[in-house]
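Visitor: Got a structure for you, written out below as structure tokens; questions coming shortly.
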Amino acid sequence: MSAQAAPTPATDPTLKAPLVRIEDLVKYFPAGGGLFGRTVVHAVDGVSLAIEAGETLGLVGESGCGKSTLGRVIVRLLPATSGHVYFKDTDLTKVRGEKLRRTRQEIQMIFQDPYASLNPRMTVGDIVSEPLRNFGVARGRKAEQKVQEVMRVVGLNPNFVNRYPHEFSGGQRQRIGIARALVLEPTFIVADEPVSALDVSIQAQIVNLMEDLQAKYDLTFLFIAHDLSVVKHISDRIAVMYLGKIVEIGTSNAIRDRPLHPYTKVLESSVPVPDPDLESARKPILLKGEIPSPVNPPSACRFHTRCPIAQQICSEVEPPLEMKENGRFAACHFPGQL
Amino acid sequence: MQDLRVQFATSGGTVTAVDGIDFEIDRGEIVGIVGESGSGKTMTALSILRLIPEPGKITSGRILYGEKDVVEMTDEEIREFRGNEVAMIFQDPMTSLNPVLRVGFQVEEAMAAHARFTRDQAKQRVVPMLQRVRIPAAKDRVRDYPHQFSGGMRQRAMIAMGVSNEPSLLIADEPTTALDVTVQASIIELLRDLSRELRAAVILITHNMALVASLCNRVIVMYAGRVVEEGPTRAIFKNPQHPYTWSLLRSMPRIDETAKERLISIKGLPPDLGKMPPGCKFHPRCKFRIDRCFTEEPPLDEVDPMQRARCWVLMKNVPEPETKA
């Protein structure tokens, strides 16, 4: 990289020690045969990001924007089509064999549906200790002790090791999923909609638990969710995704207070707050039309078909995701104008 | 609705899903029923239509619609009532629409099935109804099948079916839970406009307190099959008296939070309806409980001329420092 190169989200100069750097990551899925050859779903289409050690980066967007796919490609549950994911100095898209195993130990994932992601035929003890066995970290008595320790840490009674997932409530199952993610003592955790399937009073328990664990173990989180209120609460910085692309990145207060991208502004204006006085004043900006198909995304700026302030240029020239202010990136020809 | 009780006979004994609910709703009013899963909010709404699933039964109480008691209606009367007076909108529009019939035809059927319109009138009204719920290019889209509609458009089609007979009561059960937030915003606007245009009473059933603040005039908070608090929206949000309402409001992250404050979490879980605790049903999770809460269930008492709460303590009697996390 030359000295004059403009900062990208992956080389954000405001970050001190990025743990994860994602460069131009692409994930296409085949979508069956079209008339003129194969068609593809452009699920993730050239994403660059950096995640600072010890921070929570929120990734927010609506269904079908590619946020879950991005999370899965980052932890290599799905292979990338092209691009790079650097964890420390290892390129996760290239690494193989023993090095891959060792790197993977440090990277874990928490899923949305804690029931679907837990094997119903395994006891909680087996579920939580499985990573220890798979990675040959601990066995027998030592593994048992480790399992009991993480169960206590996530607020589960260690005496329940012999119970099965169906004997637990949704919130407790999510704690089991978190215990499984913690048992290998990872540094980086991707959490994909970890609270959206839970009741309101249980959501707060899990959000608080994740905050406590981060402080205690110095964890780095990528927190993927559609709910901007939850993302705003838990994240230090937020990346906003629309149709396979990141449209804006900034600190969570900046994203809420001064959205630069019109899509961020629309999202922010759509979120209701539990206060009838504020609600009677809130005017959501309603979007025209529907989210276009990722099989055939719009040209240039992907948001131009629905953007309230789109001009001619927006359908002709794709705006790059560039730094507009210190640590603040947006991909828009008219930032901050909506 | 007076002293309504809904019970389910199960192998483990009788389970009471809704226990002694009283409330009223007027034309033009939007009432929110909030609660978590299992709180009885959906059962309460289904009982208005007498649609409680087997083996559930309304075991006591009356549901008065004008002068008529829904509980006492004959099958013929209840059919008329469901079709012409009440409409229900469900959470998942895909499972409520028939996938092999065109959307326009399904809206037409909803009208023709009941006596208000003839088949010809119903046919004529389909496109205007779809336009009324703001489906763009309604003329072209009447011939689409449900899978060709997005989630938001399907929900609009469901609402069109619901309001096509000009009901005086509209029950919306988590109408936006499956939808994206930008789509949710437009559906909420639509419900607000329709309640005004139709002068219908609207019951919004939801777990989302923020939606209630946005849409409703009055709120009913349910917990473990009981109403624990009710009152005008503003009073409930500014001055909640039941510890459950109070905690629920502080347990959700708010997009407008200024400093990062720890969320108030409610420990434990809602009770199993088959194994209800004695006394106040919320006492095992309540931070502010007193001895009496363990043994005696409090009545739903007036705390203000407009507001009622089911609590021995009431938040106004809790000293400020004790409310800090």
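Numbering starts fresh at 1 for the residues of each chain in the structure tokens, the chains themselves are lettered A, B, ... in the order given, and ligands are numbered from 1 as they appear.
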Neighbouring residues of Pro262 (chain A) were defined as those with any atom within 9 Å, considering only C-alpha atoms; residues of the same chain fewer than 5 positions away were excluded. Please report them as a ChimeraX atom specification.
Guide: /A:267,303,307-309,332,334-338
Visitor: Using all heavy atoms, can you write the selected residues to a file as a PDB file, in the first residue's frame?
Guide:
```
ATOM      1  N   LEU A 267     -33.485   4.293   8.468  1.00  0.00           N
ATOM      2  CA  LEU A 267     -33.522   3.285   9.537  1.00  0.00           C
ATOM      3  C   LEU A 267     -33.740   3.958  10.886  1.00  0.00           C
ATOM      4  O   LEU A 267     -34.609   3.560  11.659  1.00  0.00           O
ATOM      5  CB  LEU A 267     -32.188   2.538   9.608  1.00  0.00           C
ATOM      6  CG  LEU A 267     -31.994   1.258   8.835  1.00  0.00           C
ATOM      7  CD1 LEU A 267     -30.668   0.623   9.272  1.00  0.00           C
ATOM      8  CD2 LEU A 267     -33.122   0.280   9.051  1.00  0.00           C
ATOM      9  N   PHE A 303     -28.824   1.876  -3.472  1.00  0.00           N
ATOM     10  CA  PHE A 303     -29.972   2.446  -2.777  1.00  0.00           C
ATOM     11  C   PHE A 303     -30.713   3.452  -3.666  1.00  0.00           C
ATOM     12  O   PHE A 303     -31.770   3.934  -3.289  1.00  0.00           O
ATOM     13  CB  PHE A 303     -29.489   3.115  -1.478  1.00  0.00           C
ATOM     14  CG  PHE A 303     -30.599   3.532  -0.543  1.00  0.00           C
ATOM     15  CD1 PHE A 303     -31.563   2.617  -0.133  1.00  0.00           C
ATOM     16  CD2 PHE A 303     -30.686   4.835  -0.082  1.00  0.00           C
ATOM     17  CE1 PHE A 303     -32.587   2.997   0.725  1.00  0.00           C
ATOM     18  CE2 PHE A 303     -31.708   5.218   0.779  1.00  0.00           C
ATOM     19  CZ  PHE A 303     -32.660   4.296   1.176  1.00  0.00           C
ATOM     20  N   CYS A 307     -34.016   5.796  -2.786  1.00  0.00           N
ATOM     21  CA  CYS A 307     -33.494   6.914  -2.006  1.00  0.00           C
ATOM     22  C   CYS A 307     -34.316   8.181  -2.235  1.00  0.00           C
ATOM     23  O   CYS A 307     -34.565   8.557  -3.375  1.00  0.00           O
ATOM     24  CB  CYS A 307     -32.037   7.157  -2.391  1.00  0.00           C
ATOM     25  SG  CYS A 307     -31.290   8.502  -1.471  1.00  0.00           S
ATOM     26  N   PRO A 308     -34.736   8.849  -1.142  1.00  0.00           N
ATOM     27  CA  PRO A 308     -35.531  10.077  -1.303  1.00  0.00           C
ATOM     28  C   PRO A 308     -34.741  11.227  -1.926  1.00  0.00           C
ATOM     29  O   PRO A 308     -35.343  12.173  -2.421  1.00  0.00           O
ATOM     30  CB  PRO A 308     -35.930  10.438   0.139  1.00  0.00           C
ATOM     31  CG  PRO A 308     -35.645   9.228   0.972  1.00  0.00           C
ATOM     32  CD  PRO A 308     -34.576   8.466   0.279  1.00  0.00           C
ATOM     33  N   ILE A 309     -33.403  11.181  -1.911  1.00  0.00           N
ATOM     34  CA  ILE A 309     -32.649  12.315  -2.454  1.00  0.00           C
ATOM     35  C   ILE A 309     -31.765  11.914  -3.636  1.00  0.00           C
ATOM     36  O   ILE A 309     -30.798  12.603  -3.964  1.00  0.00           O
ATOM     37  CB  ILE A 309     -31.779  12.992  -1.358  1.00  0.00           C
ATOM     38  CG1 ILE A 309     -30.783  11.992  -0.742  1.00  0.00           C
ATOM     39  CG2 ILE A 309     -32.653  13.619  -0.270  1.00  0.00           C
ATOM     40  CD1 ILE A 309     -29.680  12.662   0.059  1.00  0.00           C
ATOM     41  N   CYS A 332     -21.863   7.593  -0.274  1.00  0.00           N
ATOM     42  CA  CYS A 332     -22.984   8.394  -0.782  1.00  0.00           C
ATOM     43  C   CYS A 332     -22.448   9.635  -1.474  1.00  0.00           C
ATOM     44  O   CYS A 332     -21.477  10.234  -1.024  1.00  0.00           O
ATOM     45  CB  CYS A 332     -23.892   8.795   0.388  1.00  0.00           C
ATOM     46  SG  CYS A 332     -25.326   9.757  -0.125  1.00  0.00           S
ATOM     47  N   PHE A 334     -24.225  12.322  -1.737  1.00  0.00           N
ATOM     48  CA  PHE A 334     -24.793  13.487  -1.042  1.00  0.00           C
ATOM     49  C   PHE A 334     -24.913  13.219   0.463  1.00  0.00           C
ATOM     50  O   PHE A 334     -26.006  13.233   1.027  1.00  0.00           O
ATOM     51  CB  PHE A 334     -26.168  13.832  -1.631  1.00  0.00           C
ATOM     52  CG  PHE A 334     -26.126  14.046  -3.114  1.00  0.00           C
ATOM     53  CD1 PHE A 334     -26.501  13.030  -3.992  1.00  0.00           C
ATOM     54  CD2 PHE A 334     -25.692  15.258  -3.632  1.00  0.00           C
ATOM     55  CE1 PHE A 334     -26.438  13.221  -5.366  1.00  0.00           C
ATOM     56  CE2 PHE A 334     -25.631  15.458  -5.002  1.00  0.00           C
ATOM     57  CZ  PHE A 334     -26.001  14.439  -5.871  1.00  0.00           C
ATOM     58  N   PRO A 335     -23.770  12.953   1.125  1.00  0.00           N
ATOM     59  CA  PRO A 335     -23.842  12.544   2.531  1.00  0.00           C
ATOM     60  C   PRO A 335     -24.446  13.632   3.421  1.00  0.00           C
ATOM     61  O   PRO A 335     -24.197  14.821   3.212  1.00  0.00           O
ATOM     62  CB  PRO A 335     -22.367  12.307   2.904  1.00  0.00           C
ATOM     63  CG  PRO A 335     -21.584  13.083   1.907  1.00  0.00           C
ATOM     64  CD  PRO A 335     -22.390  13.069   0.641  1.00  0.00           C
ATOM     65  N   GLY A 336     -25.257  13.200   4.361  1.00  0.00           N
ATOM     66  CA  GLY A 336     -25.796  14.120   5.356  1.00  0.00           C
ATOM     67  C   GLY A 336     -26.854  15.067   4.821  1.00  0.00           C
ATOM     68  O   GLY A 336     -27.258  16.004   5.489  1.00  0.00           O
ATOM     69  N   GLN A 337     -27.344  14.822   3.598  1.00  0.00           N
ATOM     70  CA  GLN A 337     -28.292  15.785   3.022  1.00  0.00           C
ATOM     71  C   GLN A 337     -29.746  15.393   3.194  1.00  0.00           C
ATOM     72  O   GLN A 337     -30.631  16.138   2.802  1.00  0.00           O
ATOM     73  CB  GLN A 337     -27.955  16.031   1.547  1.00  0.00           C
ATOM     74  CG  GLN A 337     -26.616  16.748   1.427  1.00  0.00           C
ATOM     75  CD  GLN A 337     -26.372  17.292   0.041  1.00  0.00           C
ATOM     76  OE1 GLN A 337     -27.287  17.438  -0.755  1.00  0.00           O
ATOM     77  NE2 GLN A 337     -25.109  17.592  -0.250  1.00  0.00           N
ATOM     78  N   LEU A 338     -29.993  14.208   3.749  1.00  0.00           N
ATOM     79  CA  LEU A 338     -31.409  13.859   3.995  1.00  0.00           C
ATOM     80  C   LEU A 338     -31.752  14.216   5.436  1.00  0.00           C
ATOM     81  O   LEU A 338     -31.030  13.842   6.353  1.00  0.00           O
ATOM     82  CB  LEU A 338     -31.645  12.364   3.768  1.00  0.00           C
ATOM     83  CG  LEU A 338     -33.095  11.906   4.028  1.00  0.00           C
ATOM     84  CD1 LEU A 338     -34.051  12.541   3.034  1.00  0.00           C
ATOM     85  CD2 LEU A 338     -33.196  10.385   3.938  1.00  0.00           C
TER      86      LEU A 338
END
```
Visitor: Check which residues of chain A sit at most 9 Å from chain B using only C-alpha atoms, and return one row each with the closest pair of atoms and their distance in Å to one decimal, ordered by chain and rising number, as a Markdown table.
Guide:
```
| residue | atom | partner | partner_atom | distance |
| --- | --- | --- | --- | --- |
| A:Glu62 | CA | B:Asp180 | CA | 5.9 |
| A:Ser63 | CA | B:Asp180 | CA | 6.8 |
| A:Ser169 | CA | B:Leu269 | CA | 8.2 |
| A:Gly171 | CA | B:Leu269 | CA | 8.7 |
| A:Asp199 | CA | B:Glu36 | CA | 6.0 |
| A:Val200 | CA | B:Met252 | CA | 6.7 |
| A:Ser201 | CA | B:Ile266 | CA | 5.6 |
| A:Ile202 | CA | B:Ser265 | CA | 7.2 |
| A:Gln203 | CA | B:Met252 | CA | 7.8 |
| A:Ala204 | CA | B:Ser265 | CA | 5.1 |
| A:Gln205 | CA | B:Ser265 | CA | 5.3 |
| A:Ile206 | CA | B:Ser265 | CA | 8.9 |
| A:Val207 | CA | B:Leu263 | CA | 8.1 |
| A:Asn208 | CA | B:Leu263 | CA | 6.9 |
| A:His226 | CA | B:Asp180 | CA | 7.7 |
| A:Asp227 | CA | B:Val181 | CA | 7.7 |
| A:Leu228 | CA | B:Ile255 | CA | 7.0 |
| A:Ser229 | CA | B:Ile255 | CA | 4.4 |
| A:Val230 | CA | B:Pro253 | CA | 5.6 |
| A:Val231 | CA | B:Ile255 | CA | 8.8 |
| A:Lys232 | CA | B:Ile255 | CA | 6.4 |
| A:His233 | CA | B:Pro253 | CA | 6.0 |
| A:Ile234 | CA | B:Lys260 | CA | 8.6 |
| A:Asn253 | CA | B:Thr258 | CA | 8.3 |
| A:Arg256 | CA | B:Ile255 | CA | 7.7 |
| A:Val266 | CA | B:Thr182 | CA | 7.4 |
| A:Leu267 | CA | B:Thr182 | CA | 6.3 |
| A:Glu268 | CA | B:Ile255 | CA | 8.2 |
| A:Ser269 | CA | B:Thr182 | CA | 8.6 |
| A:Ser270 | CA | B:Thr182 | CA | 5.5 |
| A:Val271 | CA | B:Val181 | CA | 6.6 |
| A:Pro272 | CA | B:Ala210 | CA | 5.3 |
| A:Val273 | CA | B:Ala210 | CA | 4.8 |
| A:Pro274 | CA | B:Ala210 | CA | 3.8 |
| A:Asp275 | CA | B:Ala213 | CA | 5.6 |
| A:Pro276 | CA | B:Ala213 | CA | 4.5 |
| A:Asp277 | CA | B:Arg234 | CA | 7.7 |
| A:Leu278 | CA | B:Ser214 | CA | 8.6 |
| A:Glu279 | CA | B:Ser214 | CA | 5.1 |
| A:Ser280 | CA | B:Ser214 | CA | 6.8 |
| A:Arg282 | CA | B:Ser214 | CA | 8.8 |
| A:Pro284 | CA | B:Ala185 | CA | 6.7 |
| A:Ile285 | CA | B:Thr182 | CA | 8.4 |
| A:Leu286 | CA | B:Ser186 | CA | 6.4 |
| A:Leu287 | CA | B:Thr182 | CA | 7.2 |
| A:Gly289 | CA | B:Pro136 | CA | 8.3 |
| A:Glu290 | CA | B:Ser150 | CA | 7.7 |
```
Visitor: So that I can see what lies close to Val147 (chain A), please list as a PyMOL selection string the residues with an atom at most 10 Å from it, counting only C-alpha atoms and leaving out residues fewer than 2 positions away in the same chain.
Guide: chain A and resi 124-130+132+141-145+149-153+158+161+179-180+182-183
Visitor: Could you list, as a list in words, every residue within 9 Å of region 53-55 of chain B, counting only C-alpha atoms and ignoring same-chain residues fewer than 4 positions away?
Guide: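 Counting only the stated atoms, we get Gln7, Phe8, Ala9, Thr10, Met43 and Leu46 of chain B.
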Visitor: Looking only at strand (DSSP E) from DSSP on the backbone, list the matching residues of region 112-315 of chain A as a PDB file with N, CA, C and O atoms, in the first residue's frame.
Guide:
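Output contents, as saved in states_30.pdb:
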```
ATOM      1  N   PHE A 188     -12.375 -13.578  19.808  1.00  0.00           N
ATOM      2  CA  PHE A 188     -13.302 -12.906  18.901  1.00  0.00           C
ATOM      3  C   PHE A 188     -14.575 -13.738  18.767  1.00  0.00           C
ATOM      4  O   PHE A 188     -14.512 -14.940  18.521  1.00  0.00           O
ATOM      5  N   ILE A 189     -15.732 -13.088  18.990  1.00  0.00           N
ATOM      6  CA  ILE A 189     -17.007 -13.801  18.878  1.00  0.00           C
ATOM      7  C   ILE A 189     -17.930 -13.062  17.919  1.00  0.00           C
ATOM      8  O   ILE A 189     -18.127 -11.852  18.028  1.00  0.00           O
ATOM      9  N   VAL A 190     -18.464 -13.816  16.954  1.00  0.00           N
ATOM     10  CA  VAL A 190     -19.484 -13.278  16.062  1.00  0.00           C
ATOM     11  C   VAL A 190     -20.837 -13.721  16.609  1.00  0.00           C
ATOM     12  O   VAL A 190     -21.092 -14.912  16.750  1.00  0.00           O
ATOM     13  N   ALA A 191     -21.682 -12.758  16.970  1.00  0.00           N
ATOM     14  CA  ALA A 191     -23.007 -13.077  17.515  1.00  0.00           C
ATOM     15  C   ALA A 191     -24.052 -12.665  16.481  1.00  0.00           C
ATOM     16  O   ALA A 191     -24.179 -11.481  16.166  1.00  0.00           O
ATOM     17  N   ASP A 192     -24.759 -13.658  15.936  1.00  0.00           N
ATOM     18  CA  ASP A 192     -25.726 -13.388  14.866  1.00  0.00           C
ATOM     19  C   ASP A 192     -27.135 -13.338  15.456  1.00  0.00           C
ATOM     20  O   ASP A 192     -27.692 -14.380  15.787  1.00  0.00           O
ATOM     21  N   THR A 220     -13.664  -9.431  21.823  1.00  0.00           N
ATOM     22  CA  THR A 220     -14.036  -8.573  20.703  1.00  0.00           C
ATOM     23  C   THR A 220     -15.285  -9.177  20.075  1.00  0.00           C
ATOM     24  O   THR A 220     -15.322 -10.373  19.804  1.00  0.00           O
ATOM     25  N   PHE A 221     -16.309  -8.341  19.877  1.00  0.00           N
ATOM     26  CA  PHE A 221     -17.579  -8.841  19.340  1.00  0.00           C
ATOM     27  C   PHE A 221     -17.896  -8.243  17.977  1.00  0.00           C
ATOM     28  O   PHE A 221     -17.728  -7.030  17.777  1.00  0.00           O
ATOM     29  N   LEU A 222     -18.404  -9.078  17.080  1.00  0.00           N
ATOM     30  CA  LEU A 222     -19.162  -8.572  15.938  1.00  0.00           C
ATOM     31  C   LEU A 222     -20.606  -8.930  16.245  1.00  0.00           C
ATOM     32  O   LEU A 222     -20.955 -10.110  16.316  1.00  0.00           O
ATOM     33  N   PHE A 223     -21.432  -7.908  16.488  1.00  0.00           N
ATOM     34  CA  PHE A 223     -22.807  -8.117  16.937  1.00  0.00           C
ATOM     35  C   PHE A 223     -23.736  -7.814  15.776  1.00  0.00           C
ATOM     36  O   PHE A 223     -23.911  -6.664  15.379  1.00  0.00           O
ATOM     37  N   ILE A 224     -24.316  -8.874  15.197  1.00  0.00           N
ATOM     38  CA  ILE A 224     -25.159  -8.716  14.011  1.00  0.00           C
ATOM     39  C   ILE A 224     -26.618  -8.692  14.435  1.00  0.00           C
ATOM     40  O   ILE A 224     -27.070  -9.596  15.143  1.00  0.00           O
ATOM     41  N   ALA A 225     -27.376  -7.674  14.048  1.00  0.00           N
ATOM     42  CA  ALA A 225     -28.787  -7.621  14.418  1.00  0.00           C
ATOM     43  C   ALA A 225     -29.540  -6.677  13.494  1.00  0.00           C
ATOM     44  O   ALA A 225     -28.944  -5.830  12.816  1.00  0.00           O
ATOM     45  N   ARG A 237     -19.012   0.883  17.809  1.00  0.00           N
ATOM     46  CA  ARG A 237     -19.178   1.416  16.453  1.00  0.00           C
ATOM     47  C   ARG A 237     -20.230   0.584  15.743  1.00  0.00           C
ATOM     48  O   ARG A 237     -20.506  -0.559  16.121  1.00  0.00           O
ATOM     49  N   ILE A 238     -20.803   1.174  14.694  1.00  0.00           N
ATOM     50  CA  ILE A 238     -21.846   0.477  13.931  1.00  0.00           C
ATOM     51  C   ILE A 238     -21.514   0.536  12.444  1.00  0.00           C
ATOM     52  O   ILE A 238     -21.083   1.581  11.936  1.00  0.00           O
ATOM     53  N   ALA A 239     -21.695  -0.600  11.755  1.00  0.00           N
ATOM     54  CA  ALA A 239     -21.630  -0.626  10.296  1.00  0.00           C
ATOM     55  C   ALA A 239     -23.032  -0.925   9.781  1.00  0.00           C
ATOM     56  O   ALA A 239     -23.699  -1.818  10.286  1.00  0.00           O
ATOM     57  N   VAL A 240     -23.499  -0.144   8.819  1.00  0.00           N
ATOM     58  CA  VAL A 240     -24.839  -0.309   8.265  1.00  0.00           C
ATOM     59  C   VAL A 240     -24.734  -0.970   6.895  1.00  0.00           C
ATOM     60  O   VAL A 240     -23.931  -0.549   6.058  1.00  0.00           O
ATOM     61  N   MET A 241     -25.527  -2.015   6.695  1.00  0.00           N
ATOM     62  CA  MET A 241     -25.415  -2.785   5.454  1.00  0.00           C
ATOM     63  C   MET A 241     -26.707  -2.712   4.662  1.00  0.00           C
ATOM     64  O   MET A 241     -27.805  -2.737   5.226  1.00  0.00           O
ATOM     65  N   TYR A 242     -26.576  -2.592   3.340  1.00  0.00           N
ATOM     66  CA  TYR A 242     -27.747  -2.583   2.457  1.00  0.00           C
ATOM     67  C   TYR A 242     -27.388  -3.355   1.199  1.00  0.00           C
ATOM     68  O   TYR A 242     -26.399  -3.022   0.529  1.00  0.00           O
ATOM     69  N   LYS A 245     -23.707  -4.506   0.606  1.00  0.00           N
ATOM     70  CA  LYS A 245     -22.626  -3.519   0.761  1.00  0.00           C
ATOM     71  C   LYS A 245     -22.747  -2.773   2.082  1.00  0.00           C
ATOM     72  O   LYS A 245     -23.850  -2.556   2.581  1.00  0.00           O
ATOM     73  N   ILE A 246     -21.578  -2.366   2.618  1.00  0.00           N
ATOM     74  CA  ILE A 246     -21.596  -1.479   3.777  1.00  0.00           C
ATOM     75  C   ILE A 246     -21.819  -0.062   3.242  1.00  0.00           C
ATOM     76  O   ILE A 246     -21.115   0.393   2.349  1.00  0.00           O
ATOM     77  N   VAL A 247     -22.833   0.635   3.784  1.00  0.00           N
ATOM     78  CA  VAL A 247     -23.100   1.989   3.305  1.00  0.00           C
ATOM     79  C   VAL A 247     -22.580   3.051   4.265  1.00  0.00           C
ATOM     80  O   VAL A 247     -22.378   4.195   3.879  1.00  0.00           O
ATOM     81  N   GLU A 248     -22.378   2.669   5.535  1.00  0.00           N
ATOM     82  CA  GLU A 248     -21.886   3.655   6.488  1.00  0.00           C
ATOM     83  C   GLU A 248     -21.252   2.972   7.689  1.00  0.00           C
ATOM     84  O   GLU A 248     -21.688   1.902   8.122  1.00  0.00           O
ATOM     85  N   ILE A 249     -20.193   3.604   8.228  1.00  0.00           N
ATOM     86  CA  ILE A 249     -19.551   3.134   9.458  1.00  0.00           C
ATOM     87  C   ILE A 249     -19.264   4.342  10.334  1.00  0.00           C
ATOM     88  O   ILE A 249     -18.847   5.385   9.819  1.00  0.00           O
ATOM     89  N   GLY A 250     -19.494   4.215  11.617  1.00  0.00           N
ATOM     90  CA  GLY A 250     -19.136   5.299  12.535  1.00  0.00           C
ATOM     91  C   GLY A 250     -19.352   4.868  13.965  1.00  0.00           C
ATOM     92  O   GLY A 250     -19.830   3.755  14.214  1.00  0.00           O
ATOM     93  N   THR A 251     -19.030   5.730  14.913  1.00  0.00           N
ATOM     94  CA  THR A 251     -19.319   5.404  16.305  1.00  0.00           C
ATOM     95  C   THR A 251     -20.833   5.360  16.476  1.00  0.00           C
ATOM     96  O   THR A 251     -21.568   6.014  15.725  1.00  0.00           O
TER      97      THR A 251
END
```
Visitor: Quick one: residues within 10 Å of Phe135 (chain A), only C-alpha atoms, excluding same-chain residues fewer than 5 positions away - as a PyMOL selection string?
Guide: chain A and resi 101-102+104-105+130+184
Visitor: Output N, CA and C atoms of each residue in that selection to a file, as a tab-separated table (two decimals), in the first residue's frame.
Guide:
```
chain	number	residue	atom	x	y	z
A	101	ARG	N	-6.88	-24.81	12.47
A	101	ARG	CA	-7.44	-25.30	13.72
A	101	ARG	C	-7.09	-24.38	14.88
A	102	ARG	N	-5.85	-23.97	14.95
A	102	ARG	CA	-5.42	-23.13	16.05
A	102	ARG	C	-6.09	-21.76	16.00
A	104	ARG	N	-8.96	-21.09	14.55
A	104	ARG	CA	-10.40	-21.24	14.79
A	104	ARG	C	-10.75	-21.31	16.26
A	105	GLN	N	-9.85	-21.82	17.05
A	105	GLN	CA	-10.09	-21.88	18.49
A	105	GLN	C	-10.36	-20.51	19.08
A	130	GLU	N	-18.01	-30.24	23.91
A	130	GLU	CA	-17.65	-30.76	22.59
A	130	GLU	C	-16.47	-30.02	21.96
A	184	LEU	N	-13.63	-22.43	24.79
A	184	LEU	CA	-12.27	-22.47	24.23
A	184	LEU	C	-11.49	-21.19	24.50
```
Visitor: Quick one, how far is CA of Thr123 (chain A) from CA of Ile176 (chain A)?
Guide: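 These two atoms are separated by 10.6 Å.
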Visitor: From a DSSP calculation on the backbone, collect every residue of region 105-208 of chain A in alpha helix (DSSP H) and output the set as number ranges by chain.
Guide: A: 105, 124-134, 140-153, 170-182, 200-208
Visitor: Would you kindly return, as a list in words, each protein, DNA or RNA residue with an atom no farther than 12 Å from any atom of Gln131 (chain B), considering only C-alpha atoms and excluding same-chain residues fewer than 2 positions away?
Guide: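 Everything that qualifies: Gly104, Arg125, Val126, Val127, Pro128, Met129, Val133, Arg134, Ile135, Pro136, Ala137, Ala138, Lys139, Asp140, Arg141, Val142, Met153, Arg156, Ala157, Ile159, Ala160, Ser164 and Leu190 of chain B.
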Visitor: Compare A:Gln148, A:Thr93, A:Ser299, A:Gln312 by their minimum atom-to-atom distance to Leu78 (chain A), counting only C-alpha atoms, and give me the closest one.
Guide: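 Smallest separation from Leu78 (chain A) among the options: A:Thr93.
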Visitor: Name all residues at most 9 Å from Ser293 (chain A) (count only C-alpha atoms; drop same-chain ones fewer than 3 positions away) and give them as a short mmCIF file (atom, residue, chain, number, x, y, z; two decimals) with all heavy atoms, in the first residue's frame.
Guide:
```
data_model
loop_
_atom_site.label_atom_id
_atom_site.label_comp_id
_atom_site.auth_asym_id
_atom_site.auth_seq_id
_atom_site.Cartn_x
_atom_site.Cartn_y
_atom_site.Cartn_z
N VAL A 41 -26.55 -14.88 -6.60
CA VAL A 41 -27.02 -13.96 -5.57
C VAL A 41 -25.80 -13.21 -5.04
O VAL A 41 -24.86 -13.83 -4.55
CB VAL A 41 -27.69 -14.74 -4.42
CG1 VAL A 41 -28.10 -13.78 -3.31
CG2 VAL A 41 -28.88 -15.52 -4.93
N HIS A 42 -25.83 -11.90 -5.16
CA HIS A 42 -24.71 -11.09 -4.68
C HIS A 42 -24.93 -10.81 -3.19
O HIS A 42 -25.35 -9.73 -2.82
CB HIS A 42 -24.63 -9.77 -5.44
CG HIS A 42 -24.44 -9.95 -6.91
ND1 HIS A 42 -23.39 -9.41 -7.60
CD2 HIS A 42 -25.17 -10.62 -7.83
CE1 HIS A 42 -23.49 -9.74 -8.88
NE2 HIS A 42 -24.57 -10.47 -9.05
N GLY A 64 -32.15 -9.96 4.34
CA GLY A 64 -31.69 -10.09 2.96
C GLY A 64 -30.55 -9.15 2.61
O GLY A 64 -30.10 -9.15 1.46
N LEU A 243 -28.13 -4.38 0.88
CA LEU A 243 -27.96 -5.16 -0.34
C LEU A 243 -26.51 -5.56 -0.62
O LEU A 243 -25.99 -5.32 -1.70
CB LEU A 243 -28.46 -4.37 -1.54
CG LEU A 243 -29.85 -4.70 -2.06
CD1 LEU A 243 -30.08 -3.96 -3.39
CD2 LEU A 243 -30.03 -6.20 -2.30
N ASN A 296 -30.02 -9.37 -8.95
CA ASN A 296 -29.85 -8.37 -9.99
C ASN A 296 -29.87 -6.99 -9.34
O ASN A 296 -30.79 -6.21 -9.56
CB ASN A 296 -31.04 -8.52 -10.95
CG ASN A 296 -30.67 -8.07 -12.33
OD1 ASN A 296 -29.60 -7.46 -12.50
ND2 ASN A 296 -31.52 -8.33 -13.29
N PRO A 297 -28.84 -6.68 -8.53
CA PRO A 297 -28.90 -5.43 -7.77
C PRO A 297 -28.84 -4.20 -8.69
O PRO A 297 -28.29 -4.28 -9.79
CB PRO A 297 -27.68 -5.51 -6.86
CG PRO A 297 -26.78 -6.52 -7.49
CD PRO A 297 -27.62 -7.45 -8.28
N PRO A 298 -29.41 -3.08 -8.26
CA PRO A 298 -29.38 -1.87 -9.08
C PRO A 298 -27.95 -1.45 -9.39
O PRO A 298 -27.02 -1.74 -8.63
CB PRO A 298 -30.06 -0.82 -8.19
CG PRO A 298 -30.83 -1.59 -7.18
CD PRO A 298 -30.10 -2.87 -6.98
#
```
Visitor: For each of A:Gly54, A:Pro7, A:Gly327, A:Gly155, take the minimum atom-to-atom distance to Leu19 (chain A), counting only C-alpha atoms, then give the residue where this is smallest.
Guide: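 Smallest distance to Leu19 (chain A) is found for A:Gly54.
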